[in-house]
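So this one's work_4.csv, CSV, C-alpha atoms and all ligand atoms:
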chain,number,residue,atom,x,y,z
A,23,MET,CA,11.1,-34.9,-2.7
A,24,ILE,CA,8.9,-34.8,-5.8
A,25,TRP,CA,7.1,-31.5,-4.9
A,26,LYS,CA,10.4,-29.6,-5.3
A,27,ASN,CA,10.5,-30.6,-8.9
A,28,ILE,CA,7.0,-29.4,-9.7
A,29,VAL,CA,6.9,-26.0,-7.9
A,30,ASN,CA,7.6,-23.2,-10.4
A,31,ARG,CA,11.3,-22.5,-10.1
A,32,LYS,CA,11.0,-18.8,-9.7
A,33,ILE,CA,8.4,-19.2,-6.9
A,34,PHE,CA,10.6,-21.9,-5.2
A,35,GLU,CA,13.5,-19.5,-5.2
A,36,GLN,CA,11.8,-16.5,-3.7
A,37,SER,CA,11.1,-16.0,-0.1
A,38,GLY,CA,7.6,-14.6,-0.2
A,39,TYR,CA,6.0,-12.0,2.0
A,40,PHE,CA,6.8,-12.2,5.7
A,41,ALA,CA,4.0,-10.7,7.9
A,42,GLN,CA,5.3,-10.4,11.4
A,43,GLU,CA,2.9,-11.8,14.0
A,44,ILE,CA,4.0,-11.2,17.6
A,45,ALA,CA,1.2,-11.4,20.2
A,46,GLY,CA,0.6,-8.6,22.8
A,47,VAL,CA,2.8,-5.9,21.3
A,48,ILE,CA,2.3,-2.4,20.0
A,49,LYS,CA,2.1,-2.9,16.3
A,50,MET,CA,3.9,-0.2,14.3
A,51,ASP,CA,5.0,-2.3,11.4
A,52,ALA,CA,2.1,-2.6,9.0
A,53,ASN,CA,1.0,0.9,8.4
A,54,GLU,CA,-2.5,0.3,9.8
A,55,ASN,CA,-4.7,3.1,11.3
A,56,PRO,CA,-4.1,3.0,15.1
A,57,PHE,CA,-7.8,4.0,15.8
A,58,THR,CA,-10.4,1.3,15.8
A,59,ILE,CA,-14.1,1.9,15.3
A,60,GLN,CA,-15.7,2.9,18.6
A,61,GLU,CA,-19.2,2.4,19.9
A,62,PRO,CA,-21.9,3.4,18.9
A,63,LEU,CA,-20.6,3.2,15.3
A,64,LYS,CA,-19.3,-0.3,15.8
A,65,ARG,CA,-22.7,-1.5,16.9
A,66,LYS,CA,-24.3,0.1,13.7
A,67,LEU,CA,-21.8,-1.8,11.5
A,68,LEU,CA,-22.4,-5.1,13.3
A,69,GLU,CA,-26.1,-4.7,13.1
A,70,LYS,CA,-25.8,-4.3,9.3
A,71,MET,CA,-23.6,-7.3,9.2
A,72,SER,CA,-26.0,-9.4,11.2
A,73,ARG,CA,-28.6,-9.1,8.4
A,74,ILE,CA,-26.4,-11.0,6.0
A,75,ASP,CA,-27.8,-14.2,4.5
A,76,PHE,CA,-24.7,-16.3,5.4
A,77,ASN,CA,-25.9,-19.2,3.2
A,78,ARG,CA,-25.7,-16.9,0.1
A,79,TYR,CA,-22.8,-15.8,-2.0
A,80,PRO,CA,-21.9,-12.1,-1.9
A,81,VAL,CA,-23.3,-9.7,-4.5
A,82,ALA,CA,-21.1,-10.6,-7.5
A,83,GLY,CA,-19.1,-7.6,-8.7
A,84,ALA,CA,-20.9,-5.4,-6.2
A,85,PRO,CA,-22.4,-3.0,-8.8
A,86,GLU,CA,-24.1,-0.7,-6.3
A,87,LEU,CA,-21.0,-0.3,-4.3
A,88,ARG,CA,-19.0,0.3,-7.5
A,89,ASN,CA,-21.5,3.1,-8.3
A,90,ARG,CA,-21.1,4.7,-4.9
A,91,TYR,CA,-17.3,4.5,-5.1
A,92,ALA,CA,-17.2,5.8,-8.7
A,93,LYS,CA,-19.1,8.9,-7.4
A,94,TYR,CA,-16.7,9.2,-4.5
A,95,PHE,CA,-13.7,9.1,-6.7
A,96,GLY,CA,-15.4,11.2,-9.4
A,97,VAL,CA,-15.1,8.6,-12.2
A,98,ASP,CA,-17.5,6.5,-14.3
A,99,LYS,CA,-18.7,3.3,-12.8
A,100,ASP,CA,-17.1,1.2,-15.6
A,101,MET,CA,-13.8,2.6,-14.6
A,102,ILE,CA,-13.7,1.0,-11.2
A,103,MET,CA,-13.1,-2.5,-9.9
A,104,LEU,CA,-13.2,-3.8,-6.3
A,105,GLY,CA,-10.6,-6.2,-4.9
A,106,ASN,CA,-9.9,-8.3,-1.9
A,107,GLY,CA,-7.4,-5.6,-0.8
A,108,SER,CA,-5.3,-3.9,-3.5
A,109,ASP,CA,-2.9,-6.8,-3.3
A,110,GLU,CA,-5.5,-8.8,-5.3
A,111,LEU,CA,-5.7,-6.1,-7.8
A,112,ILE,CA,-1.9,-6.1,-8.2
A,113,GLN,CA,-2.2,-9.8,-8.8
A,114,ILE,CA,-4.9,-9.3,-11.4
A,115,LEU,CA,-2.8,-6.7,-13.2
A,116,CYS,CA,0.2,-9.0,-13.3
A,117,MET,CA,-1.8,-12.0,-14.5
A,118,THR,CA,-3.6,-10.0,-17.3
A,119,LEU,CA,-1.1,-7.6,-18.8
A,120,LYS,CA,1.4,-9.8,-20.7
A,121,GLY,CA,0.8,-9.2,-24.4
A,122,LYS,CA,3.8,-8.8,-26.8
A,123,ILE,CA,5.6,-6.7,-24.2
A,124,LYS,CA,6.7,-8.3,-21.0
A,125,GLY,CA,7.8,-7.6,-17.5
A,126,VAL,CA,7.2,-5.4,-14.5
A,127,LEU,CA,9.3,-2.4,-13.7
A,128,VAL,CA,9.5,-1.2,-10.1
A,129,PRO,CA,11.7,1.4,-8.4
A,130,VAL,CA,13.6,0.1,-5.3
A,131,PRO,CA,12.9,0.3,-2.5
A,132,THR,CA,9.2,0.2,-2.8
A,133,PHE,CA,6.2,-2.0,-1.7
A,134,SER,CA,7.6,-5.5,-1.7
A,135,MET,CA,4.4,-7.2,-3.0
A,136,TYR,CA,4.9,-5.7,-6.5
A,137,LYS,CA,7.9,-7.9,-7.1
A,138,ILE,CA,6.6,-10.9,-5.2
A,139,ILE,CA,3.4,-11.0,-7.2
A,140,ALA,CA,5.1,-10.2,-10.5
A,141,VAL,CA,7.5,-13.2,-9.9
A,142,ASN,CA,4.6,-15.5,-8.8
A,143,THR,CA,2.7,-14.7,-12.0
A,144,GLY,CA,5.6,-15.5,-14.2
A,145,ASN,CA,6.8,-11.9,-15.0
A,146,ASN,CA,10.4,-10.7,-15.4
A,147,VAL,CA,11.1,-7.9,-12.9
A,148,ILE,CA,13.2,-4.9,-13.7
A,149,GLU,CA,14.3,-3.0,-10.6
A,150,VAL,CA,15.6,0.6,-10.9
A,151,PRO,CA,17.0,2.2,-7.7
A,152,LEU,CA,15.6,5.5,-6.5
A,153,ASN,CA,18.0,8.4,-6.4
A,154,LYS,CA,19.6,9.7,-3.2
A,155,LYS,CA,16.6,11.9,-2.6
A,156,PHE,CA,14.3,8.8,-2.9
A,157,ASP,CA,12.9,10.3,-6.1
A,158,LEU,CA,12.6,8.3,-9.4
A,159,ASP,CA,15.7,8.0,-11.5
A,160,CYS,CA,13.8,9.0,-14.6
A,161,ASP,CA,16.7,8.6,-17.1
A,162,ALA,CA,17.5,5.1,-15.8
A,163,ILE,CA,13.8,4.1,-16.0
A,164,VAL,CA,13.5,5.5,-19.5
A,165,ASP,CA,16.6,3.5,-20.5
A,166,GLN,CA,15.0,0.3,-19.1
A,167,ILE,CA,11.7,1.1,-20.9
A,168,LYS,CA,13.6,1.3,-24.2
A,169,GLU,CA,15.5,-1.9,-23.5
A,170,ASN,CA,12.8,-4.1,-21.9
A,171,PHE,CA,9.4,-2.6,-22.8
A,172,PRO,CA,7.7,-3.4,-19.4
A,173,ALA,CA,4.0,-4.1,-19.6
A,174,LEU,CA,3.6,-2.6,-16.1
A,175,ILE,CA,5.3,0.0,-14.0
A,176,PHE,CA,4.3,0.3,-10.4
A,177,LEU,CA,4.8,3.7,-8.7
A,178,SER,CA,3.6,4.0,-5.1
A,179,CYS,CA,2.7,7.7,-4.3
A,180,PRO,CA,3.6,8.3,-1.5
A,181,ASN,CA,6.2,5.5,-1.7
A,182,SER,CA,6.6,2.9,0.9
A,183,PRO,CA,8.9,2.6,2.8
A,184,THR,CA,10.5,6.0,2.1
A,185,GLY,CA,7.3,8.0,2.7
A,186,ASN,CA,7.9,10.7,0.0
A,187,LEU,CA,5.9,11.6,-3.1
A,188,PHE,CA,7.7,11.2,-6.4
A,189,SER,CA,8.1,14.3,-8.6
A,190,ARG,CA,5.0,14.8,-10.7
A,191,ALA,CA,7.1,15.9,-13.8
A,192,LYS,CA,9.0,12.6,-13.6
A,193,ILE,CA,5.9,10.5,-13.3
A,194,GLU,CA,4.4,12.2,-16.3
A,195,ALA,CA,7.6,11.8,-18.3
A,196,ILE,CA,7.5,8.0,-17.5
A,197,ILE,CA,3.8,7.7,-18.4
A,198,LYS,CA,4.5,9.4,-21.8
A,199,LYS,CA,7.4,7.0,-22.5
A,200,SER,CA,5.7,3.8,-21.3
A,201,PRO,CA,4.6,1.3,-23.9
A,202,GLY,CA,2.4,-0.4,-21.3
A,203,ILE,CA,0.5,0.6,-18.2
A,204,VAL,CA,1.7,2.8,-15.4
A,205,VAL,CA,0.1,2.0,-12.0
A,206,ILE,CA,-0.1,4.8,-9.5
A,207,ASP,CA,-0.7,3.2,-6.1
A,208,GLU,CA,-2.3,5.8,-3.9
A,209,ALA,CA,-2.6,3.6,-0.8
A,210,TYR,CA,-1.2,6.4,1.3
A,211,ALA,CA,-2.5,9.4,-0.7
A,212,ALA,CA,-4.9,10.6,2.0
A,213,PHE,CA,-2.0,11.3,4.3
A,214,SER,CA,-0.4,13.5,1.7
A,215,GLY,CA,-3.6,15.5,0.9
A,216,GLN,CA,-2.8,15.0,-2.8
A,217,THR,CA,-4.0,12.8,-5.6
A,218,LEU,CA,-2.9,12.4,-9.2
A,219,LEU,CA,-6.4,11.0,-10.2
A,220,PRO,CA,-7.1,13.9,-12.5
A,221,LEU,CA,-4.3,12.6,-14.8
A,222,LEU,CA,-6.7,9.9,-15.9
A,223,LYS,CA,-8.3,12.5,-18.2
A,224,LYS,CA,-4.9,13.1,-19.8
A,225,TYR,CA,-3.5,9.6,-20.3
A,226,ASP,CA,-5.1,6.3,-21.1
A,227,ASN,CA,-2.2,4.1,-20.1
A,228,LEU,CA,-2.8,4.9,-16.4
A,229,ILE,CA,-4.3,2.9,-13.6
A,230,PHE,CA,-4.8,3.9,-10.0
A,231,LEU,CA,-4.9,1.7,-6.9
A,232,LYS,CA,-6.6,2.8,-3.7
A,233,THR,CA,-7.3,0.9,-0.5
A,234,LEU,CA,-9.2,1.2,2.8
A,235,SER,CA,-6.5,-0.7,4.6
A,236,LYS,CA,-4.6,2.4,5.7
A,237,LEU,CA,-7.8,4.3,6.6
A,238,GLY,CA,-9.2,2.1,9.3
A,239,LEU,CA,-10.5,-1.0,7.7
A,240,ALA,CA,-7.5,-3.2,7.1
A,241,SER,CA,-9.4,-6.3,8.4
A,242,MET,CA,-12.0,-6.0,5.7
A,243,ARG,CA,-9.6,-6.2,2.8
A,244,LEU,CA,-11.0,-3.6,0.4
A,245,GLY,CA,-9.0,-2.3,-2.6
A,246,PHE,CA,-10.0,-0.3,-5.7
A,247,LEU,CA,-8.6,-0.2,-9.2
A,248,ILE,CA,-9.5,2.8,-11.3
A,249,GLY,CA,-8.6,3.1,-15.0
A,250,ASN,CA,-9.9,3.4,-18.5
A,251,LYS,CA,-13.0,1.3,-19.3
A,252,GLU,CA,-11.4,-0.9,-21.9
A,253,ILE,CA,-8.7,-2.1,-19.7
A,254,VAL,CA,-10.9,-2.4,-16.7
A,255,ALA,CA,-13.3,-4.6,-18.8
A,256,GLN,CA,-10.4,-7.0,-19.5
A,257,LEU,CA,-9.1,-7.0,-16.0
A,258,ASP,CA,-12.6,-7.8,-14.8
A,259,LYS,CA,-12.5,-11.1,-16.7
A,260,VAL,CA,-9.7,-12.2,-14.5
A,261,ARG,CA,-11.3,-11.2,-11.2
A,262,LEU,CA,-12.9,-14.1,-9.4
A,263,PRO,CA,-16.7,-13.7,-9.3
A,264,TYR,CA,-17.1,-13.3,-5.5
A,265,ASN,CA,-13.8,-11.8,-4.6
A,266,VAL,CA,-15.2,-9.2,-2.1
A,267,ASN,CA,-17.1,-11.0,0.6
A,268,SER,CA,-20.4,-9.8,2.1
A,269,LEU,CA,-18.9,-8.5,5.3
A,270,SER,CA,-16.4,-6.4,3.3
A,271,GLN,CA,-19.1,-5.1,1.0
A,272,ILE,CA,-21.0,-3.8,4.1
A,273,ALA,CA,-17.9,-2.3,5.5
A,274,ALA,CA,-17.2,-0.5,2.3
A,275,ASP,CA,-20.6,1.1,2.3
A,276,PHE,CA,-20.1,1.9,6.0
A,277,PHE,CA,-16.9,3.7,5.1
A,278,LEU,CA,-18.7,6.1,2.8
A,279,ASP,CA,-21.7,6.5,5.2
A,280,TYR,CA,-19.2,7.7,7.9
A,281,HIS,CA,-16.6,9.1,5.7
A,282,ASN,CA,-16.2,12.2,7.9
A,283,GLU,CA,-15.3,10.1,10.9
A,284,PHE,CA,-12.5,8.3,9.0
A,285,SER,CA,-11.3,11.6,7.5
A,286,SER,CA,-10.9,13.1,11.0
A,287,GLN,CA,-8.8,10.1,12.0
A,288,VAL,CA,-6.5,10.9,9.0
A,289,LYS,CA,-6.1,14.5,10.2
A,290,GLU,CA,-5.3,13.2,13.6
A,291,ILE,CA,-2.7,10.8,12.2
A,292,ILE,CA,-1.1,13.6,10.2
A,293,LYS,CA,-0.7,15.6,13.5
A,294,ARG,CA,0.8,12.6,15.3
A,295,ARG,CA,3.2,12.1,12.4
A,296,GLU,CA,4.6,15.6,12.7
A,297,GLU,CA,5.1,15.1,16.5
A,298,LEU,CA,6.7,11.7,16.0
A,299,TYR,CA,9.0,13.1,13.4
A,300,LEU,CA,10.2,15.9,15.8
A,301,GLY,CA,10.6,13.3,18.5
A,302,LEU,CA,12.7,11.0,16.3
A,303,GLN,CA,14.9,14.0,15.2
A,304,LYS,CA,15.9,14.6,18.8
A,305,ILE,CA,17.3,11.1,19.3
A,306,ALA,CA,21.1,11.0,18.6
A,307,GLY,CA,22.0,8.6,15.7
A,308,ILE,CA,18.4,8.5,14.3
A,309,LYS,CA,17.7,10.4,11.0
A,310,PRO,CA,14.0,10.5,10.1
A,311,PHE,CA,13.0,11.5,6.6
A,312,PRO,CA,10.1,13.7,6.0
A,313,SER,CA,6.9,11.7,5.3
A,314,GLN,CA,3.7,12.3,3.4
A,315,ALA,CA,2.3,9.0,4.6
A,316,ASN,CA,1.2,7.4,7.8
A,317,PHE,CA,4.6,6.1,8.6
A,318,ILE,CA,8.2,7.4,9.0
A,319,PHE,CA,11.3,6.0,7.5
A,320,PHE,CA,14.5,6.6,9.4
A,321,SER,CA,18.1,5.5,9.2
A,322,CYS,CA,20.2,4.5,12.3
A,323,ALA,CA,23.8,5.2,12.8
A,324,PHE,CA,24.0,1.7,14.3
A,325,ASP,CA,22.9,-1.9,13.7
A,326,SER,CA,19.1,-1.8,13.0
A,327,ASP,CA,18.8,-5.6,13.6
A,328,ARG,CA,19.8,-5.0,17.2
A,329,ILE,CA,17.5,-2.0,17.5
A,330,TYR,CA,14.6,-4.0,16.1
A,331,LYS,CA,15.2,-6.9,18.5
A,332,GLN,CA,15.5,-4.6,21.5
A,333,LEU,CA,12.3,-2.8,20.5
A,334,VAL,CA,10.5,-6.2,20.3
A,335,ALA,CA,11.8,-7.0,23.8
A,336,GLU,CA,10.2,-3.6,24.9
A,337,GLY,CA,6.9,-4.7,23.3
A,338,ILE,CA,7.0,-2.7,20.1
A,339,VAL,CA,7.2,-4.1,16.6
A,340,VAL,CA,8.5,-1.9,13.7
A,341,LYS,CA,9.7,-2.8,10.2
A,342,ASN,CA,13.4,-3.4,10.1
A,343,LEU,CA,14.7,-2.6,6.6
A,344,ASN,CA,18.2,-3.2,5.7
A,345,ILE,CA,18.5,-2.0,2.1
A,346,PRO,CA,22.2,-2.0,1.0
A,347,PRO,CA,24.0,-0.2,-0.6
A,348,HIS,CA,22.1,3.1,-0.2
A,349,MET,CA,19.9,2.4,2.8
A,350,PRO,CA,21.5,0.1,5.3
A,351,ASP,CA,20.2,0.0,8.9
A,352,CYS,CA,16.9,1.6,8.2
A,353,VAL,CA,13.6,1.3,10.0
A,354,ARG,CA,10.0,2.1,9.0
A,355,VAL,CA,7.6,2.9,11.8
A,356,THR,CA,3.9,3.4,11.5
A,357,VAL,CA,2.5,6.5,13.1
A,358,GLY,CA,0.5,5.4,16.2
A,359,ASN,CA,-1.8,7.1,18.6
A,360,ARG,CA,-0.1,9.5,21.1
A,361,LYS,CA,0.5,6.8,23.7
A,362,GLU,CA,2.0,4.4,21.2
A,363,ASN,CA,4.3,7.1,19.7
A,364,ASP,CA,5.4,8.2,23.2
A,365,SER,CA,6.2,4.5,24.1
A,366,LEU,CA,8.2,4.1,20.9
A,367,LEU,CA,10.2,7.3,21.5
A,368,ARG,CA,10.9,6.2,25.1
A,369,ALA,CA,11.9,2.7,24.1
A,370,LEU,CA,14.1,4.0,21.3
A,371,LYS,CA,15.9,6.4,23.6
A,372,SER,CA,16.6,3.5,26.0
A,373,VAL,CA,18.0,1.1,23.3
A,374,VAL,CA,20.1,3.4,21.2
A,375,PRO,CA,23.8,3.5,22.2
A,376,GLN,CA,24.6,6.6,24.3
A,401,LIG,C1,2.0,0.8,-1.4
A,401,LIG,C2,1.0,-0.2,-1.0
A,401,LIG,N1,0.1,-0.7,-1.8
A,401,LIG,C3,-0.8,-1.6,-1.5
A,401,LIG,C4,-0.7,-2.2,-0.2
A,401,LIG,C5,-1.7,-3.3,0.1
A,401,LIG,O1,-2.9,-2.9,0.4
A,401,LIG,P1,-4.1,-3.8,0.7
A,401,LIG,O2,-4.2,-4.0,2.2
A,401,LIG,O3,-5.3,-3.1,0.2
A,401,LIG,O4,-3.9,-5.1,0.0
A,401,LIG,C6,0.2,-1.8,0.7
A,401,LIG,C7,0.2,-2.4,2.0
A,401,LIG,O5,1.0,-2.2,2.9
A,401,LIG,C8,1.1,-0.8,0.3
A,401,LIG,O6,2.0,-0.4,1.2

Spit out the file's structure as structure tokens when you get a sec.
Amino acid sequence: MIWKNIVNRKIFEQSGYFAQEIAGVIKMDANENPFTIQEPLKRKLLEKMSRIDFNRYPVAGAPELRNRYAKYFGVDKDMIMLGNGSDELIQILCMTLKGKIKGVLVPVPTFSMYKIIAVNTGNNVIEVPLNKKFDLDCDAIVDQIKENFPALIFLSCPNSPTGNLFSRAKIEAIIKKSPGIVVIDEAYAAFSGQTLLPLLKKYDNLIFLKTLSKLGLASMRLGFLIGNKEIVAQLDKVRLPYNVNSLSQIAADFFLDYHNEFSSQVKEIIKRREELYLGLQKIAGIKPFPSQANFIFFSCAFDSDRIYKQLVAEGIVVKNLNIPPHMPDCVRVTVGNRKENDSLLRALKSVVPQ
């Protein structure tokens, strides 16, 4: 068929992102916040949304919202850009930064969209395995920097799926050696209680990504890119004019209006994470790794494909991650509310071989 000949070969060859959709299950696979907005707050949000002029485009570039978020993150308003989720901002980065130096470097395993988007936007991808402690292999990364001069290096802090923070000294060493931009993706930073944002004052080849997806507003698709003004000005030319729709802009304002509410959910999730970790530790054959995020990565002493399927049969979806050679038979599970975590632990106990 003719279409096979005209699809970009690299896109044709890659499998793309697979978002599992199984109706009526406990979703513990996508690192969402398990708590939804309750009444009366929900009503307040919907009232604001009902005042939208649906026949009009959203506010282009959302300058007021940018101002508010700039204050929230403690940066200048020209240093911030809003995206339709941080996925869109990753795409904008991969489309824009391709001067004389080429390619995107990612540690593995990490958030799969970095590679997918890099390939889709015509970049070479350099993959450098994490070390046995899931930290960055700084020497190997520096070797690749010297050989391939990547325009972009993506570092997820905390990293998904492993849940740990990379060593700050290694991150800084990589920033210093990088000829291009280092992107620190802080999608899960709230759950670690740490941010590297102050490093923006020290290095100008640094960009941060943030998102509201893990903090209770995944449906609204709101991501933030923060970096030096000169780069942000260039990236902003690639952003589509109305990339953040009116509903999402209202939701972003709402997040700041009720920030304390969302912060208390983060605290609650951190408590549940520690309980879930202890519960997983007690199951023979399951080895959970300490997490600074809203999910826990664990290895199984048995076939994780089978565990995954049996959990689905029990009504629970987790992320099955078979990452040979270092991480075969691994699973990433999102921290749920107490009931969801208890259901997971109960189901896991019943499906692991005795
Ligand atoms: C590390 C990391 N960055 C970015 C994203 C995407 O976030 P968004 O929903 O804002 O596109 C995810 C989503 O799972 C993620 O794990």

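For the residues A:Val260, A:Met117, A:Val147, A:Leu187, ranking by smallest atom-to-atom distance to Gly215 (chain A) using all atoms listed in the file places A:Leu187 first.
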
One decimal place gives the CA of Val373 (chain A)-CA of Ile329 (chain A) separation as 6.6 Å

Mind listing the residues within 9 Å of ligand LIG 401 (chain A), all atoms listed in the file counted, as a VMD selection string? chain A and resid 52 to 54 105 to 112 132 to 136 177 to 183 207 to 210 231 to 236 239 to 246

Store the residues picked out above, limited to C-alpha atoms, as an mmCIF file, in the coordinates of the input.
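As written to disk, result_30.cif reads:
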data_model
loop_
_atom_site.group_PDB
_atom_site.id
_atom_site.type_symbol
_atom_site.label_atom_id
_atom_site.label_comp_id
_atom_site.auth_asym_id
_atom_site.auth_seq_id
_atom_site.Cartn_x
_atom_site.Cartn_y
_atom_site.Cartn_z
ATOM 1 C CA ALA A 52 2.100 -2.600 9.000
ATOM 2 C CA ASN A 53 1.000 0.900 8.400
ATOM 3 C CA GLU A 54 -2.500 0.300 9.800
ATOM 4 C CA GLY A 105 -10.600 -6.200 -4.900
ATOM 5 C CA ASN A 106 -9.900 -8.300 -1.900
ATOM 6 C CA GLY A 107 -7.400 -5.600 -0.800
ATOM 7 C CA SER A 108 -5.300 -3.900 -3.500
ATOM 8 C CA ASP A 109 -2.900 -6.800 -3.300
ATOM 9 C CA GLU A 110 -5.500 -8.800 -5.300
ATOM 10 C CA LEU A 111 -5.700 -6.100 -7.800
ATOM 11 C CA ILE A 112 -1.900 -6.100 -8.200
ATOM 12 C CA THR A 132 9.200 0.200 -2.800
ATOM 13 C CA PHE A 133 6.200 -2.000 -1.700
ATOM 14 C CA SER A 134 7.600 -5.500 -1.700
ATOM 15 C CA MET A 135 4.400 -7.200 -3.000
ATOM 16 C CA TYR A 136 4.900 -5.700 -6.500
ATOM 17 C CA LEU A 177 4.800 3.700 -8.700
ATOM 18 C CA SER A 178 3.600 4.000 -5.100
ATOM 19 C CA CYS A 179 2.700 7.700 -4.300
ATOM 20 C CA PRO A 180 3.600 8.300 -1.500
ATOM 21 C CA ASN A 181 6.200 5.500 -1.700
ATOM 22 C CA SER A 182 6.600 2.900 0.900
ATOM 23 C CA PRO A 183 8.900 2.600 2.800
ATOM 24 C CA ASP A 207 -0.700 3.200 -6.100
ATOM 25 C CA GLU A 208 -2.300 5.800 -3.900
ATOM 26 C CA ALA A 209 -2.600 3.600 -0.800
ATOM 27 C CA TYR A 210 -1.200 6.400 1.300
ATOM 28 C CA LEU A 231 -4.900 1.700 -6.900
ATOM 29 C CA LYS A 232 -6.600 2.800 -3.700
ATOM 30 C CA THR A 233 -7.300 0.900 -0.500
ATOM 31 C CA LEU A 234 -9.200 1.200 2.800
ATOM 32 C CA SER A 235 -6.500 -0.700 4.600
ATOM 33 C CA LYS A 236 -4.600 2.400 5.700
ATOM 34 C CA LEU A 239 -10.500 -1.000 7.700
ATOM 35 C CA ALA A 240 -7.500 -3.200 7.100
ATOM 36 C CA SER A 241 -9.400 -6.300 8.400
ATOM 37 C CA MET A 242 -12.000 -6.000 5.700
ATOM 38 C CA ARG A 243 -9.600 -6.200 2.800
ATOM 39 C CA LEU A 244 -11.000 -3.600 0.400
ATOM 40 C CA GLY A 245 -9.000 -2.300 -2.600
ATOM 41 C CA PHE A 246 -10.000 -0.300 -5.700
#

With 9 Å as the threshold, what does the neighbourhood of (-20.4, -9.4, -0.1) contain in terms of residues, counting all atoms listed in the file? Coordinates are those of the file; answer as a PyMOL selection string. chain A and resi 74+79-84+264-272

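In terms of minimum interatomic distance to Leu262 (chain A), A:Gln113 ranks closest within A:Asn146, A:Gln314, A:Gln113, A:Asn55, counting all atoms listed in the file.
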
Which residues of region 66-139 of chain A come within 12 Å of region 157-166 of chain A, and what is each one's closest atom pair and distance in Å (one decimal), counting only C-alpha atoms, sorted by chain and residue number, as CSV?
residue,atom,partner,partner_atom,distance
A:Gly125,CA,A:Gln166,CA,10.8
A:Val126,CA,A:Gln166,CA,10.7
A:Leu127,CA,A:Ile163,CA,8.2
A:Val128,CA,A:Ile163,CA,9.0
A:Pro129,CA,A:Leu158,CA,7.0
A:Val130,CA,A:Leu158,CA,9.2
A:Pro131,CA,A:Leu158,CA,10.6
A:Thr132,CA,A:Leu158,CA,11.0

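The coordinates place CA of Arg261 (chain A) at 18.0 Å from CA of Gly121 (chain A).
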
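Ranking A:Phe171, A:Phe95, A:Tyr39, A:Phe188 by their shortest atom-to-atom distance to Leu222 (chain A), with only C-alpha atoms included, puts A:Phe95 first.
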
Interatomic distance between CA of Cys322 (chain A) and CA of Asp351 (chain A)? 5.6 Å

Which one of A:Ser285, A:Asn30, A:Ser365, A:Thr143 sits closest to Lys49 (chain A) if you count all atoms listed in the file? A:Ser365

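Near Thr118 (chain A), within 8 Å and counting all atoms listed in the file, sit Ile114, Leu115, Cys116, Lys120, Gln256, Leu257 and Val260 of chain A, not including residues fewer than 2 positions from it in the same chain.
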
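Omitting Lys224 (chain A) and its sequence neighbours fewer than 6 positions away, and counting all atoms listed in the file, the residues within 12 Å are Glu194, Ile197, Lys198, Leu218, Gly249 and Asn250 of chain A.
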
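Look at region 287-296 of chain A: the protein and nucleic acid residues within 9 Å of it, using all atoms listed in the file and passing over chain neighbours fewer than 2 places away, are Asn55, Pro56, Phe57, Ala212, Phe213, Ser214, Leu237, Gly238, Asn282, Glu283, Phe284, Ser285, Leu298, Tyr299, Leu300, Gly301, Pro312, Ser313, Gln314, Ala315, Asn316, Phe317, Ile318, Thr356, Val357, Gly358, Asn359, Arg360 and Asn363 of chain A.
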
Using all atoms listed in the file, which residue out of A:Ala255, A:Ala274, A:Leu174, A:Val374 lies closest to Leu228 (chain A)? A:Leu174

Please rebuild region 205-211 of chain A with N, CA, C and O atoms and return the result as a compact mmCIF listing (two decimals), in the frame of the given file.
# COMPACT_ATOMS: atom_id res chain seq x y z
N VAL A 205 1.02 2.12 -13.16
CA VAL A 205 0.10 2.00 -12.00
C VAL A 205 0.52 2.94 -10.94
O VAL A 205 1.63 2.83 -10.42
N ILE A 206 -0.35 3.89 -10.61
CA ILE A 206 -0.10 4.80 -9.50
C ILE A 206 -0.83 4.29 -8.30
O ILE A 206 -2.07 4.30 -8.29
N ASP A 207 -0.08 3.82 -7.33
CA ASP A 207 -0.70 3.20 -6.10
C ASP A 207 -0.81 4.28 -5.07
O ASP A 207 0.19 4.73 -4.50
N GLU A 208 -2.04 4.70 -4.82
CA GLU A 208 -2.30 5.80 -3.90
C GLU A 208 -2.77 5.24 -2.51
O GLU A 208 -3.67 5.82 -1.89
N ALA A 209 -2.17 4.14 -2.08
CA ALA A 209 -2.60 3.60 -0.80
C ALA A 209 -2.44 4.59 0.35
O ALA A 209 -3.22 4.56 1.30
N TYR A 210 -1.47 5.49 0.24
CA TYR A 210 -1.20 6.40 1.30
C TYR A 210 -1.57 7.89 0.96
O TYR A 210 -1.21 8.82 1.68
N ALA A 211 -2.26 8.07 -0.17
CA ALA A 211 -2.50 9.40 -0.70
C ALA A 211 -3.23 10.32 0.32
O ALA A 211 -2.96 11.52 0.41
